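*Asks:* This is the structure, below, for whatever I ask next.
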Amino acid sequence: EVQLVESGGGLVQPGRSLKLSCAASGFTFSNYGMAWVRQTPTKGLEWVASISTGGGNTYYRDSVKGRFTISRDNAKNTQYLQMDSLRSEDTATYYCARLRYGGYRDYYFDYWGQGVMVTVSS
Amino acid sequence: EIVLTQSPTTMAASPGEKVTITCHASSSVSYMHWYQQKPGASPKPWIYATSTLASGVPDRFSGSGSGTSYSLTINNVEAEDAATYYCQQWNYPYTFGAGTKLELK
């Protein structure tokens, strides 16, 4: 059974840092691209970042570029999201998601974790 | 950025009715993917590559479309289908629609 378990969320002051982890099991982690998606009541679902199977290629939405870093450790079956210079608008539930090929050069999120809450507030 | 506009935003249907949710993309996309989310739960893949049902999805669901116009249809809607449905496209930056909340009468 595929499982994605996020951890590391919490309350943090603006400008500070937080690191999320996502422990994967039930599949060959190194064979899949991975991603982080966040959700808020006002903005809905937003893709945040993605990483290739080996970690050599990373992609970010503009609003987090230069502040967030996605990474993975295939030996530990874990992906990470290092979030620096946090802003109030980063407050959201963050989901770890697995990428699956969904068509020519097209992917979708086929497994999601339970989500972890990040609150940025003073 | 490709903006996905879903309609309606909310809708109510009676069991047995046919329901159609549409997703309009601001630019042409090759495929559309759909997710179902119930309160307090994570999104679940529901339809991928425009028309392929994810594992375990009842065959009363179907997806279609091309270019900028896509839809998710439920034939003979059932109480368990009450949820919010989101469309998603894979052109950087990858985006989701705002969701369609389906309620059962």
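Ordering of the structure tokens sets the chain letters (A, B, ...); residue numbers start at 1 within each chain; ligands are numbered from 1 in the order shown.
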Which residues come within 7 Å of B:Gly16, counting only C-alpha atoms, excluding same-chain residues fewer than 4 positions away, as a count of residues only?

*Replies:* 3

*Asks:* Just want the 7 Å neighbourhood of B:Lys38, counted on only C-alpha atoms, with same-chain residues fewer than 2 positions away dropped. Output as a list in words.

*Replies:*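 Returned residues: Gln36, Gly40, Ala41, Ala83 and Thr84 of chain B.
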
*Asks:* Let me make sure I understand: among A:Ala75, A:Cys22, A:Val64, A:Val48, which one has the smallest atom-to-atom distance to chain B if we use only C-alpha atoms?

*Replies:*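 The shortest atom-to-atom distance to chain B comes from A:Val48.
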
*Asks:* With a distance threshold of 6 Å and counting only C-alpha atoms, extract the residues of chain A near chain B and express them as number ranges by chain.

*Replies:* A: 44, 102-103, 106, 110, 114

*Asks:* How would the residues just chosen look if you wrote them out with C-alpha atoms as a short mmCIF file (atom, residue, chain, number, x, y, z; two decimals), in the first residue's frame?

*Replies:*
```
data_model
loop_
_atom_site.label_atom_id
_atom_site.label_comp_id
_atom_site.auth_asym_id
_atom_site.auth_seq_id
_atom_site.Cartn_x
_atom_site.Cartn_y
_atom_site.Cartn_z
CA GLY A 44 -7.67 26.57 -3.21
CA GLY A 102 -0.71 10.84 -17.39
CA GLY A 103 -0.08 11.33 -21.08
CA ASP A 106 1.88 15.16 -18.86
CA ASP A 110 -1.78 9.95 -8.06
CA GLN A 114 -2.76 13.44 4.74
#
```

*Asks:* Report as a ChimeraX atom specification all protein, DNA and RNA residues lying within 10 Å of B:Glu80, evaluated on only C-alpha atoms, omitting residues in the same chain fewer than 4 positions from it.

*Replies:* /B:15,38,103-104

*Asks:* Compile the contact shell of B:Ser7 as a tab-separated table (two decimals) with N, CA, C and O atoms, in the first residue's frame: residues with an atom at most 8 Å away, counting only C-alpha atoms, same-chain residues fewer than 3 positions apart removed.

*Replies:*
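Resulting contents of selection-v2.tsv:
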```
chain	number	residue	atom	x	y	z
B	10	THR	N	-20.90	25.81	-7.29
B	10	THR	CA	-21.61	24.86	-6.44
B	10	THR	C	-22.86	24.40	-7.18
B	10	THR	O	-23.37	25.11	-8.06
B	21	ILE	N	-19.89	18.83	-14.85
B	21	ILE	CA	-19.01	19.90	-14.36
B	21	ILE	C	-18.05	20.25	-15.48
B	21	ILE	O	-17.46	19.35	-16.10
B	22	THR	N	-17.89	21.54	-15.75
B	22	THR	CA	-17.01	21.92	-16.85
B	22	THR	C	-15.77	22.65	-16.32
B	22	THR	O	-15.79	23.26	-15.24
B	23	CYS	N	-14.72	22.57	-17.10
B	23	CYS	CA	-13.45	23.21	-16.77
B	23	CYS	C	-12.92	23.85	-18.05
B	23	CYS	O	-12.66	23.15	-19.04
B	100	THR	N	-15.56	22.62	-7.83
B	100	THR	CA	-17.02	22.60	-7.92
B	100	THR	C	-17.54	21.74	-6.78
B	100	THR	O	-17.21	20.56	-6.69
```
